Amino acid sequence: MTAALLRSALRRSAAASYMSIRAFASPPGQQRKVAILGAAGGIGQPLSLLMKLNPMVSHLSLYDIAGTPGVAADVSHINTRSEVKGYAGEDQLGAALEGSDLVIIPAGVPRKPGMTRDDLFEINAGIVKSLCEAIAKYCPNALVNMISNPVNSTVPIAAEVFKSKGVYDERRLFGVTTLDVVRARTFYAGKANVNVADVSVPVIGGHAGITILPLFSQATPSANLSSDEITALTKRTQDGGTEVVEAKAGKGSATLSMAYAGALFADACLKGLNGVPDVVECSFVQSTVTELPFFASKVKLGKNGVEEVLGFGPLSDYEQQGLEALKTELKSSIEKGVKWHANSKNPKINSVYEPIKPTFRPLSPHLPIYKPQTSSTVSITNRVSAIILTTVPLSYAFLTLKMGPMCLTNESVYQAMYYSSKLGPIALQVTAIATVYHLVHGLHDLYQMFRP
């Protein structure tokens with residue numbers, strides 16, 4: 001009896017959950033292909049699941065450097081409308097993107113404790129540039145939802161890439177700031193003791209730290225919260241990402257909530273494409289509502305992406321102060337992205353390393369890298385050992401250079417990219433020279449040993 005009641009309860013719960021999920025989308029319209037770049041990652045996998053549940057999606061394209069065939073096979077078993085295909089490796093990126101109406105980019109390394117925004121930027125900038133170049137080539141008219149952090153810089157980088165390819169349309173590029181809105185609604189509902197489903201809170205500015213400015217003075221339903229409570233809610237919304245990173249003890253970041261927020265915003269974009277009227281969401285877009293070239297505020301979505309960038313309305317004194325305070329940091333982040341793109345020539349190297357000079361400064365001929373020995377078994381053994389010890393780190397560094405910007409899910413590779421970048425080109429030069437030195441002399445010793 002108990003087992004039967006439990007099964008019945010689970011069926012009712014599952015049905016209610018499914019209907020709740022389906023509620024975020026409008027009824028199916030025309031054929032819509034959605035591509036997720038970085039689909040095998042911590043955000044990409046749950047985002048893939050949520051987009052599979054969206055009835056407006058007819059084709060779901062999942063891309064990553066590895067692991068996507070498995071994710072695609074798993075997700076494809078869900079009995080919803082969309083056809084799912086997985087693509088792995090750079091050579092399949094074009095096929096993954098071709099014909100896409102919407103491209104969502106969660107690819108990149110998440111922030112970890114002790115990692116600065118500059119560290120995060122250096123790794124993710126190259127990834128974003130490489131992917132946007134492919135978008136410009138294979139689906140230039142797609143809407144692009146940028147999740148990869150730092151959004152305040154990656155969106156300007158994407159804009160510069162599209163400009164350089166002659167396909168930039170400011171209406172089609174979005175920085176996804178929906179997670180800030182989701183957090184603001186949740187925290188406000190808890191403090192105001194209201195139903196979170198009824199809450200609306202606009203969030204303006206950017207998508208990092210103090211650039212996130214929730215407008216609780218415009219929240220509905222209204223609540224009589226003190227200034228201290230508003231300050232605390234604002235601070236918690238701004239530090240929401242850090243709260244999750246610390247709670248996970250450095251072993252993860254806000255992946256599940258970000259996937260949910262990404263699915264919500266993607267759903268709004270699809271509704272706009274399908275002609276659903278009055279679709280309004282907050283997003284980081286090219287804007288004239290302030291003196292900054294990009295700014296997050298409410299935008300009205302339509303068949304071409306952004307139909308109208310809306311102003312942010314009247315602000316409280318506290319919010320006005322916050323607006324003025326965020327402008328300097330947001331401006332710096334935007335300019336950093338634009339400058340990075342202007343200075344980058346080879347996205348597969350400069351995204352992590354400074355440009356390596358074409359000429360090497362020779363080491364002193366008197367520097368005893370390795371003392372020549374007479375040909376013997378000991379000499380050959382020493383040579384082989386030296387070659388292994390020098391070739392392994394060189395190969396590791398080379399793979400980091402070669403594969404770095406397209407490594408979307410393997411965190412160990414991201415860490416290698418980060419720490420290798422700190423070593424600089426000199427370490428690569430020394431390793432390369434030492435390897436060649438030992439290789440040449442090893443061959444010479446072999447010749448001396450076996451010559452007639």
# chains A, B, ... in the order shown; residues from 1 in each chain; ligands from 1

$ residues_around --residues "range 183-186 of chain A" --least-positions-apart "3" --cutoff "7 Å" --atoms "only C-alpha atoms" --output "VMD selection string"
chain A and resid 179 to 180 189 to 190 196 199 to 201 214 237

$ closest_atom_pairs --of "range 137-184 of chain A" --to "range 330-345 of chain A" --cutoff "6 Å" --atoms "only C-alpha atoms" --output "tab-separated table"
residue	atom	partner	partner_atom	distance
A:Asn152	CA	A:Ser333	CA	5.7
A:Ser153	CA	A:Gly337	CA	4.5
A:Pro156	CA	A:Gly337	CA	5.6
A:Ile157	CA	A:Gly337	CA	5.1

$ closest_residue --among "A:Phe294, A:Phe216, A:Ile36, A:Asp101" --to "Pro314 in chain A" --atoms "only C-alpha atoms"
A:Phe216

$ atom_distance --atom1 "CA of Asp239 in chain A" --atom2 "CA of Thr290 in chain A"
23.9 Å

$ atom_distance --atom1 "CA of Val181 in chain A" --atom2 "CA of Pro293 in chain A"
21.4 Å

$ closest_residue --among "A:Lys129, A:Lys271, A:Lys137, A:Lys303" --to "Glu160 in chain A" --atoms "only C-alpha atoms"
A:Lys129

$ select_by_dssp --residues "range 34-150 of chain A" --states "strand (DSSP E or B)" --output "ChimeraX atom specification"
/A:34-37,59-64,83-88,102-105,143-146

$ residues_around --residues "Leu273 in chain A" --least-positions-apart "2" --cutoff "7 Å" --atoms "only C-alpha atoms" --output "list in words"
Cys269, Leu270, Lys271, Gly275, Gly302, Lys303 and Asn304 of chain A

$ select_by_dssp --residues "range 196-260 of chain A" --states "helix (DSSP H, G or I)" --output "ChimeraX atom specification"
/A:196-198,209-211,216-218,227-238,240-247,256-260

$ write_last_selection --atoms "C-alpha atoms" --output "PDB file, in the first residue's frame"
ATOM      1  CA  VAL A 196       8.665  34.311  -5.739  1.00  0.00           C
ATOM      2  CA  ALA A 197       6.607  33.407  -8.822  1.00  0.00           C
ATOM      3  CA  ASP A 198       4.950  36.827  -8.607  1.00  0.00           C
ATOM      4  CA  GLY A 209      30.494  42.576  -8.727  1.00  0.00           C
ATOM      5  CA  ILE A 210      29.446  46.171  -8.219  1.00  0.00           C
ATOM      6  CA  THR A 211      28.448  46.500 -11.886  1.00  0.00           C
ATOM      7  CA  PHE A 216      14.623  46.923  -5.677  1.00  0.00           C
ATOM      8  CA  SER A 217      12.800  50.274  -5.637  1.00  0.00           C
ATOM      9  CA  GLN A 218      10.989  49.030  -8.758  1.00  0.00           C
ATOM     10  CA  SER A 227      17.571  50.774   3.726  1.00  0.00           C
ATOM     11  CA  ASP A 228      19.794  48.267   5.526  1.00  0.00           C
ATOM     12  CA  GLU A 229      17.778  45.394   4.104  1.00  0.00           C
ATOM     13  CA  ILE A 230      17.987  46.847   0.586  1.00  0.00           C
ATOM     14  CA  THR A 231      21.750  47.270   0.961  1.00  0.00           C
ATOM     15  CA  ALA A 232      22.123  43.685   2.158  1.00  0.00           C
ATOM     16  CA  LEU A 233      19.968  42.345  -0.709  1.00  0.00           C
ATOM     17  CA  THR A 234      21.983  44.337  -3.239  1.00  0.00           C
ATOM     18  CA  LYS A 235      25.261  43.068  -1.842  1.00  0.00           C
ATOM     19  CA  ARG A 236      24.072  39.458  -1.826  1.00  0.00           C
ATOM     20  CA  THR A 237      22.887  39.730  -5.433  1.00  0.00           C
ATOM     21  CA  GLN A 238      26.262  41.155  -6.464  1.00  0.00           C
ATOM     22  CA  GLY A 240      25.871  35.551  -5.563  1.00  0.00           C
ATOM     23  CA  GLY A 241      28.519  33.858  -7.679  1.00  0.00           C
ATOM     24  CA  THR A 242      31.105  34.050  -4.921  1.00  0.00           C
ATOM     25  CA  GLU A 243      28.578  32.615  -2.469  1.00  0.00           C
ATOM     26  CA  VAL A 244      28.210  29.501  -4.613  1.00  0.00           C
ATOM     27  CA  VAL A 245      31.947  29.115  -5.288  1.00  0.00           C
ATOM     28  CA  GLU A 246      32.695  29.260  -1.564  1.00  0.00           C
ATOM     29  CA  ALA A 247      29.831  26.908  -0.694  1.00  0.00           C
ATOM     30  CA  LEU A 256      22.842  24.701 -12.323  1.00  0.00           C
ATOM     31  CA  SER A 257      21.317  28.099 -11.600  1.00  0.00           C
ATOM     32  CA  MET A 258      23.215  29.554 -14.569  1.00  0.00           C
ATOM     33  CA  ALA A 259      21.857  26.824 -16.838  1.00  0.00           C
ATOM     34  CA  TYR A 260      18.327  27.610 -15.637  1.00  0.00           C
TER      35      TYR A 260
END
